[in-house]
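Just protein.cif here, mmCIF, C-alpha atoms:
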data_model
loop_
_atom_site.label_atom_id
_atom_site.label_comp_id
_atom_site.auth_asym_id
_atom_site.auth_seq_id
_atom_site.Cartn_x
_atom_site.Cartn_y
_atom_site.Cartn_z
CA ALA Y 777 14.57 80.96 -144.16
CA ARG Y 778 12.99 79.08 -141.25
CA LYS Y 779 12.90 75.82 -143.23
CA ALA Y 780 16.21 76.16 -145.04
CA GLY Y 781 18.33 77.43 -142.14
CA PRO Y 782 19.18 75.80 -138.79
CA ARG Y 783 17.41 76.97 -135.65
CA ARG Y 784 19.59 79.29 -133.59
CA PRO Y 785 18.92 81.61 -130.64
CA LEU Y 786 17.99 85.14 -131.68
CA ARG Y 787 21.07 86.59 -130.00
CA GLN Y 788 23.34 84.33 -132.04
CA LEU Y 789 21.35 84.96 -135.22
CA ILE Y 790 21.67 88.74 -134.93
CA GLY Y 791 25.44 88.59 -134.47
CA CYS Y 792 27.83 91.36 -133.51
CA VAL Y 793 27.19 93.41 -136.63
CA GLY Y 794 23.44 93.10 -136.10
CA TRP Y 795 23.66 94.44 -132.56
CA LEU Y 796 25.78 97.36 -133.74
CA LEU Y 797 23.19 98.14 -136.41
CA LEU Y 798 20.35 97.92 -133.88
CA LEU Y 799 22.25 100.33 -131.64
CA TYR Y 800 22.51 102.74 -134.57
CA MET Y 801 18.77 102.39 -135.29
CA ALA Y 802 17.97 102.99 -131.61
CA TYR Y 803 19.90 106.24 -131.74
CA LEU Y 804 18.11 107.24 -134.94
CA LEU Y 805 14.81 106.67 -133.15
CA ILE Y 806 15.81 108.78 -130.16
CA ASN Y 807 17.15 111.53 -132.40
CA CYS Y 808 13.77 111.85 -134.15
CA ILE Y 809 12.86 114.20 -131.30
CA ALA Y 810 15.23 116.85 -132.65
CA SER Y 811 14.07 116.53 -136.26
CA PRO Y 812 12.02 119.34 -137.85
CA THR Y 813 10.15 116.60 -139.77
CA PRO Y 814 9.54 113.98 -137.03
CA TRP Y 815 7.06 111.85 -139.01
CA PHE Y 816 9.43 111.55 -141.95
CA SER Y 817 12.24 110.73 -139.52
CA LEU Y 818 10.12 108.01 -137.89
CA ALA Y 819 9.43 106.59 -141.35
CA THR Y 820 13.20 106.48 -141.96
CA VAL Y 821 13.74 104.48 -138.77
CA GLY Y 822 10.82 102.20 -139.67
CA MET Y 823 12.40 101.55 -143.07
CA TRP Y 824 15.69 100.52 -141.44
CA LEU Y 825 13.90 98.20 -138.99
CA PHE Y 826 11.82 96.59 -141.74
CA LEU Y 827 14.83 96.04 -144.00
CA PHE Y 828 16.69 94.53 -141.05
CA LEU Y 829 14.51 91.46 -141.60
CA GLY Y 830 16.49 90.86 -144.80
CA TYR Y 831 19.67 90.95 -142.73
CA LEU Y 832 18.27 88.28 -140.38
CA THR Y 833 17.14 86.15 -143.32
CA LEU Y 834 20.61 86.07 -144.87
CA ARG Y 835 22.27 85.42 -141.52
CA ARG Y 836 20.10 82.34 -141.19
CA LEU Y 837 20.46 81.06 -144.74
CA LEU Y 838 24.22 81.44 -145.25
CA ILE Y 839 25.59 78.29 -143.66
CA SER Y 840 27.96 77.04 -146.37
CA ARG Y 841 30.29 78.31 -149.07
CA GLU Y 842 27.97 76.86 -151.71
CA ARG Y 843 25.09 79.00 -150.49
CA LEU Y 844 27.35 82.03 -150.54
CA LEU Y 845 28.19 81.22 -154.16
CA VAL Y 846 24.49 80.81 -155.01
CA PHE Y 847 23.80 84.21 -153.49
CA GLY Y 848 26.70 85.62 -155.52
CA ARG Y 849 25.10 84.31 -158.70
CA LEU Y 850 21.82 86.00 -157.80
CA VAL Y 851 23.61 89.29 -157.10
CA SER Y 852 25.49 88.93 -160.40
CA CYS Y 853 22.20 88.42 -162.23
CA ALA Y 854 20.62 91.51 -160.62
CA ALA Y 855 23.68 93.68 -161.29
CA GLY Y 856 23.87 92.38 -164.86
CA VAL Y 857 20.22 93.24 -165.53
CA ALA Y 858 20.73 96.74 -164.11
CA GLY Y 859 23.82 97.20 -166.26
CA PHE Y 860 22.06 95.82 -169.36
CA LEU Y 861 19.18 98.31 -169.01
CA ALA Y 862 21.68 101.14 -168.53
CA LEU Y 863 23.48 100.00 -171.68
CA VAL Y 864 20.21 99.89 -173.66
CA GLN Y 865 19.30 103.40 -172.50
CA ALA Y 866 22.72 104.74 -173.48
CA VAL Y 867 22.90 102.98 -176.85
CA GLY Y 868 19.35 104.06 -177.68
CA TYR Y 869 20.14 107.70 -176.96
CA TYR Y 870 23.71 108.03 -178.30
CA GLY Y 871 23.56 105.43 -181.07
CA PHE Y 872 20.02 105.77 -182.46
CA HIS Y 873 18.94 109.16 -181.01
CA ILE Y 874 15.96 107.52 -179.29
CA ASP Y 875 15.08 109.49 -176.17
CA LEU Y 876 14.42 106.57 -173.83
CA SER Y 877 13.56 107.48 -170.26
CA PRO Y 878 16.75 107.21 -168.18
CA ARG Y 879 14.58 106.13 -165.23
CA PHE Y 880 12.76 102.83 -165.73
CA TRP Y 881 10.21 103.14 -162.90
CA ASP Y 882 9.24 106.81 -163.26
CA PHE Y 883 5.53 105.96 -163.50
CA ILE Y 884 5.71 104.43 -159.99
CA ASP Y 885 8.31 106.64 -158.35
CA LEU Y 886 6.99 110.08 -159.29
CA PRO Y 887 3.63 109.72 -157.45
CA LEU Y 888 5.48 108.56 -154.31
CA TYR Y 889 7.77 111.59 -154.29
CA ARG Y 890 4.75 113.80 -153.57
CA PHE Y 891 4.85 112.59 -149.96
CA PHE Y 892 8.42 113.75 -149.37
CA PRO Y 893 8.79 116.67 -146.93
CA SER Y 894 10.79 118.68 -149.49
CA PRO Y 895 10.47 118.77 -153.29
CA LEU Y 896 12.96 116.66 -155.23
CA ASP Y 897 14.70 117.98 -158.33
CA LEU Y 898 15.11 114.95 -160.61
CA THR Y 899 16.23 116.82 -163.71
CA LEU Y 900 19.57 115.77 -165.19
CA GLY Y 901 22.03 118.12 -166.84
CA GLN Y 902 22.76 115.54 -169.54
CA HIS Y 903 21.54 112.12 -170.59
CA ARG Y 904 22.82 109.59 -168.05
CA SER Y 905 21.54 106.04 -167.66
CA ALA Y 906 19.74 105.27 -164.40
CA SER Y 907 18.48 101.76 -165.28
CA THR Y 908 15.83 100.73 -162.71
CA PHE Y 909 16.83 103.52 -160.30
CA ASN Y 910 15.57 107.08 -160.13
CA ASN Y 911 19.02 108.65 -160.43
CA PRO Y 912 22.27 107.64 -162.18
CA ASN Y 913 24.27 108.23 -159.01
CA ILE Y 914 22.02 105.81 -157.10
CA LEU Y 915 22.53 103.21 -159.82
CA CYS Y 916 26.29 103.58 -159.49
CA GLU Y 917 26.14 103.43 -155.69
CA TYR Y 918 24.24 100.16 -155.97
CA LEU Y 919 26.78 98.78 -158.44
CA SER Y 920 29.68 99.89 -156.21
CA MET Y 921 28.27 97.74 -153.40
CA THR Y 922 27.44 94.74 -155.61
CA MET Y 923 30.48 94.69 -157.94
CA PRO Y 924 32.74 93.12 -155.26
CA PHE Y 925 30.29 90.19 -155.06
CA VAL Y 926 30.04 89.98 -158.86
CA ILE Y 927 33.83 89.77 -159.26
CA TYR Y 928 34.11 87.36 -156.31
CA THR Y 929 31.55 85.05 -157.93
CA LEU Y 930 33.41 85.18 -161.26
CA ILE Y 931 36.68 84.25 -159.53
CA GLN Y 932 35.08 81.38 -157.60
CA GLU Y 933 33.42 80.01 -160.73
CA ARG Y 934 36.78 80.18 -162.49
CA GLU Y 935 38.31 78.17 -159.63
CA ILE Y 936 35.58 75.53 -159.98
CA ASN Y 937 35.27 75.47 -163.80
CA ARG Y 938 38.64 75.79 -165.51
CA SER Y 939 37.09 75.77 -168.97
CA TRP Y 940 35.55 79.02 -170.25
CA ARG Y 941 32.95 76.92 -172.04
CA GLN Y 942 31.09 76.21 -168.79
CA PRO Y 943 27.69 78.00 -168.85
CA ARG Y 944 27.98 79.30 -165.28
CA LEU Y 945 31.38 80.81 -165.94
CA VAL Y 946 30.19 82.44 -169.18
CA PHE Y 947 27.13 83.76 -167.34
CA CYS Y 948 29.27 85.34 -164.60
CA LEU Y 949 31.63 86.88 -167.15
CA ILE Y 950 28.72 88.44 -169.07
CA THR Y 951 27.09 89.82 -165.91
CA THR Y 952 30.43 91.29 -164.81
CA LEU Y 953 30.85 93.10 -168.14
CA LEU Y 954 27.24 94.34 -168.07
CA ALA Y 955 27.61 95.64 -164.51
CA ALA Y 956 30.81 97.46 -165.55
CA ALA Y 957 28.83 98.97 -168.45
CA GLY Y 958 26.28 100.21 -165.92
CA VAL Y 959 29.06 102.01 -164.04
CA ILE Y 960 30.34 103.56 -167.27
CA PHE Y 961 27.02 104.87 -168.57
CA SER Y 962 25.84 106.14 -165.21
CA GLN Y 963 28.65 108.68 -165.76
CA SER Y 964 29.41 108.90 -162.06
CA ARG Y 965 32.89 110.09 -161.17
CA GLY Y 966 32.81 108.56 -157.71
CA GLY Y 967 31.63 105.25 -159.14
CA HIS Y 968 34.51 105.10 -161.62
CA VAL Y 969 37.10 105.71 -158.90
CA ALA Y 970 35.44 103.18 -156.56
CA PHE Y 971 35.32 100.54 -159.31
CA ILE Y 972 39.01 100.94 -160.14
CA ALA Y 973 39.92 100.87 -156.44
CA LEU Y 974 38.08 97.60 -155.77
CA LEU Y 975 39.78 96.02 -158.80
CA LEU Y 976 43.17 96.97 -157.39
CA VAL Y 977 42.23 95.56 -153.99
CA TYR Y 978 41.25 92.23 -155.54
CA PHE Y 979 44.49 91.78 -157.42
CA MET Y 980 47.05 93.66 -155.34
CA TYR Y 981 48.33 90.46 -153.68
CA LYS Y 982 49.33 88.91 -157.04
CA PRO Y 983 51.80 91.30 -158.74
CA ARG Y 984 51.88 89.21 -161.92
CA ARG Y 985 48.23 90.15 -162.56
CA ILE Y 986 48.81 93.91 -162.20
CA PRO Y 987 49.54 94.37 -165.96
CA LEU Y 988 46.25 92.60 -166.74
CA VAL Y 989 44.41 94.90 -164.33
CA ALA Y 990 46.17 97.92 -165.85
CA VAL Y 991 45.01 96.91 -169.33
CA GLY Y 992 41.47 96.42 -168.02
CA ILE Y 993 41.47 99.88 -166.42
CA LEU Y 994 42.78 101.40 -169.67
CA LEU Y 995 40.01 99.73 -171.68
CA PHE Y 996 37.51 100.86 -169.06
CA PHE Y 997 38.49 104.49 -169.65
CA LEU Y 998 38.70 104.09 -173.43
CA ILE Y 999 35.00 103.19 -173.65
CA THR Y 1000 33.98 105.73 -171.01
CA PRO Y 1001 31.86 108.54 -172.51
CA PRO Y 1002 33.76 111.82 -173.03
CA SER Y 1003 31.26 113.58 -170.78
CA VAL Y 1004 32.62 111.65 -167.79
CA ILE Y 1005 36.20 112.67 -168.58
CA GLU Y 1006 35.01 116.27 -168.89
CA LYS Y 1007 33.31 115.99 -165.49
CA PHE Y 1008 36.60 114.85 -163.94
CA LEU Y 1009 38.33 117.93 -165.35
CA ASN Y 1010 35.51 120.43 -164.83
CA ARG Y 1011 34.54 121.75 -161.40
CA GLY Y 1012 31.37 123.46 -162.53
CA GLY Y 1013 28.01 122.16 -163.62
CA ALA Y 1014 24.56 122.48 -162.16
CA ASN Y 1015 22.78 119.98 -159.97
CA GLY Y 1016 25.68 118.14 -158.43
CA GLY Y 1017 28.80 119.72 -159.95
CA LEU Y 1018 31.94 119.79 -157.83
CA ASP Y 1019 31.48 123.44 -156.91
CA SER Y 1020 27.95 122.88 -155.62
CA ARG Y 1021 29.13 119.87 -153.63
CA VAL Y 1022 31.90 121.88 -152.01
CA ASP Y 1023 29.31 124.51 -151.08
CA ALA Y 1024 27.10 121.75 -149.58
CA TRP Y 1025 30.05 120.36 -147.61
CA LYS Y 1026 30.78 123.81 -146.17
CA VAL Y 1027 27.16 124.30 -145.10
CA CYS Y 1028 26.96 120.84 -143.52
CA LEU Y 1029 30.28 121.25 -141.73
CA ASP Y 1030 29.15 124.61 -140.37
CA SER Y 1031 25.91 123.00 -139.16
CA PHE Y 1032 27.88 120.22 -137.48
CA LEU Y 1033 30.09 122.72 -135.67
CA ARG Y 1034 26.92 124.41 -134.36
CA HIS Y 1035 25.28 121.10 -133.38
CA PRO Y 1036 28.24 118.73 -132.81
CA ILE Y 1037 26.68 116.15 -130.48
CA PHE Y 1038 23.15 115.37 -131.70
CA GLY Y 1039 22.98 117.12 -135.09
CA LEU Y 1040 19.76 118.42 -136.65
CA GLY Y 1041 17.70 115.23 -136.36
CA THR Y 1042 17.21 111.91 -138.13
CA GLY Y 1043 16.44 111.74 -141.84
CA SER Y 1044 17.86 113.13 -145.06
CA GLY Y 1045 14.96 115.60 -145.13
CA THR Y 1046 16.67 117.67 -142.43
CA VAL Y 1047 19.81 118.04 -144.54
CA GLN Y 1048 17.80 118.78 -147.66
CA GLN Y 1049 15.95 121.58 -145.88
CA LEU Y 1050 19.29 122.95 -144.67
CA LEU Y 1051 20.70 122.99 -148.20
CA THR Y 1052 17.51 124.42 -149.67
CA ALA Y 1053 17.68 127.30 -147.17
CA ALA Y 1054 21.26 127.93 -148.35
CA ASP Y 1055 20.06 127.97 -152.00
CA ILE Y 1056 22.01 124.79 -152.88
CA PRO Y 1057 20.06 122.52 -155.31
CA LEU Y 1058 21.14 119.20 -153.80
CA PRO Y 1059 18.96 116.61 -152.00
CA HIS Y 1060 21.70 115.57 -149.56
CA ALA Y 1061 25.26 116.35 -148.50
CA HIS Y 1062 26.89 114.19 -151.22
CA CYS Y 1063 29.14 112.79 -148.49
CA LEU Y 1064 28.04 109.95 -146.25
CA TRP Y 1065 30.16 111.09 -143.31
CA LEU Y 1066 28.99 114.72 -143.44
CA GLU Y 1067 25.41 113.49 -143.85
CA LEU Y 1068 25.70 111.40 -140.68
CA MET Y 1069 27.36 114.24 -138.78
CA THR Y 1070 24.75 116.76 -139.87
CA GLU Y 1071 21.78 114.50 -139.13
CA GLY Y 1072 22.93 112.84 -135.92
CA GLY Y 1073 26.09 114.59 -134.82
CA LEU Y 1074 29.25 112.93 -133.63
CA ILE Y 1075 27.29 110.18 -131.88
CA ALA Y 1076 25.69 108.97 -135.13
CA LEU Y 1077 29.03 108.99 -136.94
CA LEU Y 1078 30.83 106.96 -134.24
CA VAL Y 1079 27.99 104.46 -133.79
CA PHE Y 1080 27.74 103.87 -137.54
CA LEU Y 1081 31.53 103.59 -138.01
CA ALA Y 1082 31.63 100.81 -135.42
CA THR Y 1083 30.21 98.42 -138.02
CA PRO Y 1084 32.75 98.96 -140.87
CA VAL Y 1085 35.65 99.13 -138.38
CA TYR Y 1086 34.62 95.77 -136.90
CA LEU Y 1087 34.25 94.31 -140.40
CA LEU Y 1088 37.67 95.65 -141.38
CA TYR Y 1089 39.19 93.81 -138.42
CA GLN Y 1090 37.39 90.61 -139.43
CA GLY Y 1091 38.48 91.04 -143.06
CA LEU Y 1092 42.15 91.34 -142.14
CA HIS Y 1093 41.76 88.25 -139.95
CA MET Y 1094 40.17 86.29 -142.82
CA LEU Y 1095 43.00 87.29 -145.16
CA ARG Y 1096 45.46 85.46 -142.93
CA ARG Y 1097 43.54 82.17 -143.26
CA SER Y 1098 43.97 80.29 -146.51
CA GLU Y 1099 40.43 78.86 -146.43
CA SER Y 1100 38.85 82.33 -146.23
CA HIS Y 1101 41.36 84.37 -148.22
CA TRP Y 1102 39.04 85.27 -151.09
CA GLU Y 1103 36.23 86.15 -148.68
CA GLY Y 1104 38.63 88.51 -146.93
CA MET Y 1105 39.44 90.12 -150.28
CA LEU Y 1106 35.71 90.43 -150.96
CA LEU Y 1107 35.20 92.23 -147.65
CA LEU Y 1108 38.13 94.61 -148.17
CA ALA Y 1109 37.02 95.37 -151.74
CA PHE Y 1110 33.51 96.17 -150.52
CA LEU Y 1111 34.76 98.46 -147.73
CA THR Y 1112 37.15 100.21 -150.13
CA ALA Y 1113 34.43 100.94 -152.68
CA PHE Y 1114 31.94 101.92 -149.96
CA PHE Y 1115 34.33 104.36 -148.25
CA ILE Y 1116 35.51 105.95 -151.51
CA HIS Y 1117 32.05 106.33 -153.00
CA GLY Y 1118 30.60 107.36 -149.64
CA SER Y 1119 33.09 110.23 -149.46
CA VAL Y 1120 31.54 111.92 -152.51
CA ASP Y 1121 27.95 110.63 -152.36
CA TYR Y 1122 25.31 109.22 -150.01
CA PRO Y 1123 25.03 105.44 -150.58
CA LEU Y 1124 22.28 105.00 -147.94
CA LEU Y 1125 19.73 107.40 -149.43
CA THR Y 1126 17.04 104.99 -150.65
CA PRO Y 1127 15.53 101.70 -149.41
CA LYS Y 1128 17.23 99.76 -152.24
CA LEU Y 1129 20.64 101.04 -151.18
CA VAL Y 1130 20.00 100.42 -147.48
CA GLN Y 1131 18.87 96.85 -148.22
CA THR Y 1132 21.96 96.26 -150.35
CA PHE Y 1133 24.18 97.50 -147.53
CA LEU Y 1134 22.42 95.39 -144.89
CA SER Y 1135 22.60 92.31 -147.10
CA ALA Y 1136 26.32 92.80 -147.63
CA VAL Y 1137 27.17 93.21 -143.94
CA ALA Y 1138 24.95 90.21 -143.11
CA ILE Y 1139 27.04 88.07 -145.47
CA PHE Y 1140 30.31 89.30 -144.00
CA ASP Y 1141 29.13 88.70 -140.45
CA ALA Y 1142 27.98 85.19 -141.37
CA VAL Y 1143 31.34 84.39 -142.99
CA ALA Y 1144 33.41 85.85 -140.15
CA VAL Y 1145 31.44 84.57 -137.16
CA THR Y 1146 29.80 81.25 -138.07
CA GLY Y 1147 33.00 79.80 -139.53
CA PHE Y 1148 31.19 77.73 -142.19
CA LEU Y 1149 34.17 78.08 -144.53
CA THR Y 1150 36.12 75.62 -142.40
CA ASP Y 1151 33.19 73.30 -141.63
CA HIS Y 1152 33.61 70.52 -144.17
CA LYS Y 1153 31.33 68.08 -142.30
CA ASN Y 1154 28.18 70.13 -142.73
CA PRO Y 1155 25.64 67.98 -144.67
CA LEU Y 1156 24.26 71.09 -146.32
CA ASP Y 1157 27.59 71.84 -148.03
CA ALA Y 1158 26.30 70.04 -151.11
CA VAL Y 1159 23.39 72.46 -151.54
CA ARG Y 1160 23.61 74.30 -154.84
#
structure tokens encoding of this file:
Amino acid sequence: ARKAGPRRPLRQLIGCVGWLLLLYMAYLLINCIASPTPWFSLATVGMWLFLFLGYLTLRRLLISRERLLVFGRLVSCAAGVAGFLALVQAVGYYGFHIDLSPRFWDFIDLPLYRFFPSPLDLTLGQHRSASTFNNPNILCEYLSMTMPFVIYTLIQEREINRSWRQPRLVFCLITTLLAAAGVIFSQSRGGHVAFIALLLVYFMYKPRRIPLVAVGILLFFLITPPSVIEKFLNRGGANGGLDSRVDAWKVCLDSFLRHPIFGLGTGSGTVQQLLTAADIPLPHAHCLWLELMTEGGLIALLVFLATPVYLLYQGLHMLRRSESHWEGMLLLAFLTAFFIHGSVDYPLLTPKLVQTFLSAVAIFDAVAVTGFLTDHKNPLDAVR
């Protein structure tokens, strides 16, 4: 990043979003004092600080639209691989009755879970693909944050290459379909709703494309496993059913009302211990906003919300400029999927998810603040 990006003062490199995130991390560090598991809470803060280096790296590298498109291709490749592995796991189980492990890295992850402050229940009520993640919901949370970039890259490649015979365009189309397959076979209700919502955001400004989107959504549901449809219609189910989530929300809301300012302390371990004491078999609140309120109180919620609110303002501003219209749509699609999925799950649970989130907001801050989309004299614009 030092060689490929221009030298800028640290204050300018961090940007407004970076300072908001550092403020949130500072509060997490202070709130470790109230945590019943202070060492685990300190490790959580350390993880955020370490992954913040990825944020700084992207802020330095993204200096042209071409680099943004290159990054989009890399994200498309990663999401496509994750979706392909999820597809293989599902086809192996449902098509050939081969009991493939739904978690690709179990042999590495399981020994690490021994160091968690509370035991983790990783059993699944039914066969759901998790690809390279340790849980199908985490896979879908990752795809919800990356799918806006995957679709954005496909659209940009279509603008550049009008012929569908171009290898890059075919590659982006395949990765988009594979990532959508990952959402389907993760069998996550929140992920399905978030995916449909971001599609509508992308195409809502062109009414003539709404029938095409409607057909795509219909096909999406036609190839969705029946178990997902049953989950939409059924409130019950162990280990994450709607009833157990409602019970978790009630417990977390009650805890917030008893500790409204500072919460119980930093780290998902505090919420897991709270739910375990209430005999609820969930590792977290299954709601980002309740998780933040329970861990850090009203202060944590407001400090964290400052980042997406600022990005929403920047996204609406970019929509009004013709040169950054698609980037504004990308930002709004990401925020829509993040807010919808975050309302029924916790998309900041693991380091992979936190890094994905930090990378996304770094891109949006670079696009909104540096103004490289309108800088046509930059000699690095030809970088591919």
Residue contacts of region 1044-1050 of chain Y (10 Å, all atoms listed in the file) excluding same-chain residues fewer than 4 positions away, as a compact mmCIF listing (two decimals) with C-alpha atoms, keeping the file's coordinate frame:
# COMPACT_ATOMS: atom_id res chain seq x y z
CA ALA Y 810 15.23 116.85 -132.65
CA SER Y 811 14.07 116.53 -136.26
CA PRO Y 812 12.02 119.34 -137.85
CA THR Y 813 10.15 116.60 -139.77
CA PRO Y 814 9.54 113.98 -137.03
CA PHE Y 816 9.43 111.55 -141.95
CA SER Y 817 12.24 110.73 -139.52
CA THR Y 820 13.20 106.48 -141.96
CA PHE Y 892 8.42 113.75 -149.37
CA PRO Y 893 8.79 116.67 -146.93
CA SER Y 894 10.79 118.68 -149.49
CA PRO Y 895 10.47 118.77 -153.29
CA LEU Y 896 12.96 116.66 -155.23
CA ALA Y 1024 27.10 121.75 -149.58
CA VAL Y 1027 27.16 124.30 -145.10
CA CYS Y 1028 26.96 120.84 -143.52
CA SER Y 1031 25.91 123.00 -139.16
CA GLY Y 1039 22.98 117.12 -135.09
CA LEU Y 1040 19.76 118.42 -136.65
CA ALA Y 1054 21.26 127.93 -148.35
CA ASP Y 1055 20.06 127.97 -152.00
CA ILE Y 1056 22.01 124.79 -152.88
CA PRO Y 1057 20.06 122.52 -155.31
CA LEU Y 1058 21.14 119.20 -153.80
CA PRO Y 1059 18.96 116.61 -152.00
CA HIS Y 1060 21.70 115.57 -149.56
CA ALA Y 1061 25.26 116.35 -148.50
CA LEU Y 1066 28.99 114.72 -143.44
CA GLU Y 1067 25.41 113.49 -143.85
CA LEU Y 1068 25.70 111.40 -140.68
CA THR Y 1070 24.75 116.76 -139.87
CA GLU Y 1071 21.78 114.50 -139.13
CA TYR Y 1122 25.31 109.22 -150.01
CA LEU Y 1124 22.28 105.00 -147.94
CA LEU Y 1125 19.73 107.40 -149.43
CA THR Y 1126 17.04 104.99 -150.65
query: CA of Val1137 (chain Y) and CA of Pro912 (chain Y), how far apart in Å?
result: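 Between CA of Pro912 (chain Y) and CA of Val1137 (chain Y) the gap is 23.8 Å.
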message: From the options Y:Leu844, Y:Leu1051, Y:Cys948, Y:Leu838, which residue's atoms come nearest to Ile931 (chain Y), counting only C-alpha atoms?
response: Y:Cys948
- request: Let me know the residues the PyMOL selection byres ((chain Y and resi 798-805) around 9) catches in the file above, as a PyMOL selection string.
  value: chain Y and resi 793-797+806-809+817-818+820-822+824-825+828+1041-1043+1072+1075-1076+1079-1080
Writer output for current selection, C-alpha atoms, as a PDB file, keeping the file's coordinate frame:
ATOM      1  CA  VAL Y 793      27.190  93.410-136.630  1.00  0.00           C
ATOM      2  CA  GLY Y 794      23.440  93.100-136.100  1.00  0.00           C
ATOM      3  CA  TRP Y 795      23.660  94.440-132.560  1.00  0.00           C
ATOM      4  CA  LEU Y 796      25.780  97.360-133.740  1.00  0.00           C
ATOM      5  CA  LEU Y 797      23.190  98.140-136.410  1.00  0.00           C
ATOM      6  CA  ILE Y 806      15.810 108.780-130.160  1.00  0.00           C
ATOM      7  CA  ASN Y 807      17.150 111.530-132.400  1.00  0.00           C
ATOM      8  CA  CYS Y 808      13.770 111.850-134.150  1.00  0.00           C
ATOM      9  CA  ILE Y 809      12.860 114.200-131.300  1.00  0.00           C
ATOM     10  CA  SER Y 817      12.240 110.730-139.520  1.00  0.00           C
ATOM     11  CA  LEU Y 818      10.120 108.010-137.890  1.00  0.00           C
ATOM     12  CA  THR Y 820      13.200 106.480-141.960  1.00  0.00           C
ATOM     13  CA  VAL Y 821      13.740 104.480-138.770  1.00  0.00           C
ATOM     14  CA  GLY Y 822      10.820 102.200-139.670  1.00  0.00           C
ATOM     15  CA  TRP Y 824      15.690 100.520-141.440  1.00  0.00           C
ATOM     16  CA  LEU Y 825      13.900  98.200-138.990  1.00  0.00           C
ATOM     17  CA  PHE Y 828      16.690  94.530-141.050  1.00  0.00           C
ATOM     18  CA  GLY Y1041      17.700 115.230-136.360  1.00  0.00           C
ATOM     19  CA  THR Y1042      17.210 111.910-138.130  1.00  0.00           C
ATOM     20  CA  GLY Y1043      16.440 111.740-141.840  1.00  0.00           C
ATOM     21  CA  GLY Y1072      22.930 112.840-135.920  1.00  0.00           C
ATOM     22  CA  ILE Y1075      27.290 110.180-131.880  1.00  0.00           C
ATOM     23  CA  ALA Y1076      25.690 108.970-135.130  1.00  0.00           C
ATOM     24  CA  VAL Y1079      27.990 104.460-133.790  1.00  0.00           C
ATOM     25  CA  PHE Y1080      27.740 103.870-137.540  1.00  0.00           C
TER      26      PHE Y1080
END
- request: Please write the residues picked by the PyMOL selection byres ((chain Y and resi 1091-1102) around 9) on this file as a ChimeraX atom specification.
  value: /Y:928,931-932,978,1086-1090,1103-1108,1140,1143-1144,1149-1150
Surrounding residues of region 846-859 of chain Y excluding itself and chain neighbours under 6 positions, 6 Å, all atoms listed in the file, as JSON, numbers by chain: {"Y": [907, 925, 926, 929, 951, 954, 955, 957, 958]}
field: Point-to-point distance in Å for CA of Glu935 (chain Y) and CA of Arg841 (chain Y)
entry: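 Going from CA of Arg841 (chain Y) over to CA of Glu935 (chain Y), I get 13.3 Å.
Comparing Y:Val1145, Y:Ala819, Y:Leu1033, Y:Ala1136 by their smallest distance to Leu834 (chain Y), the closest is Y:Ala1136 (using all atoms listed in the file).
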- prompt: Hey, can you check how far CA of Leu1018 (chain Y) sits from CA of Asn913 (chain Y)?
  reply: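 Computed distance, CA of Leu1018 (chain Y) to CA of Asn913 (chain Y), equals 13.9 Å.
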task: Counting all atoms listed in the file, figure out which residue out of Y:Ile1139, Y:Ile950, Y:Ile927, Y:Leu861 gets nearest to Phe909 (chain Y).
output: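 Under the stated criterion, the closest residue is Y:Leu861.
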field: Picked residues, the PyMOL selection byres ((chain Y and resi 864) around 12), expected as a ChimeraX atom specification
entry: /Y:857-863,865-880,904-908,954,957-958,961-962
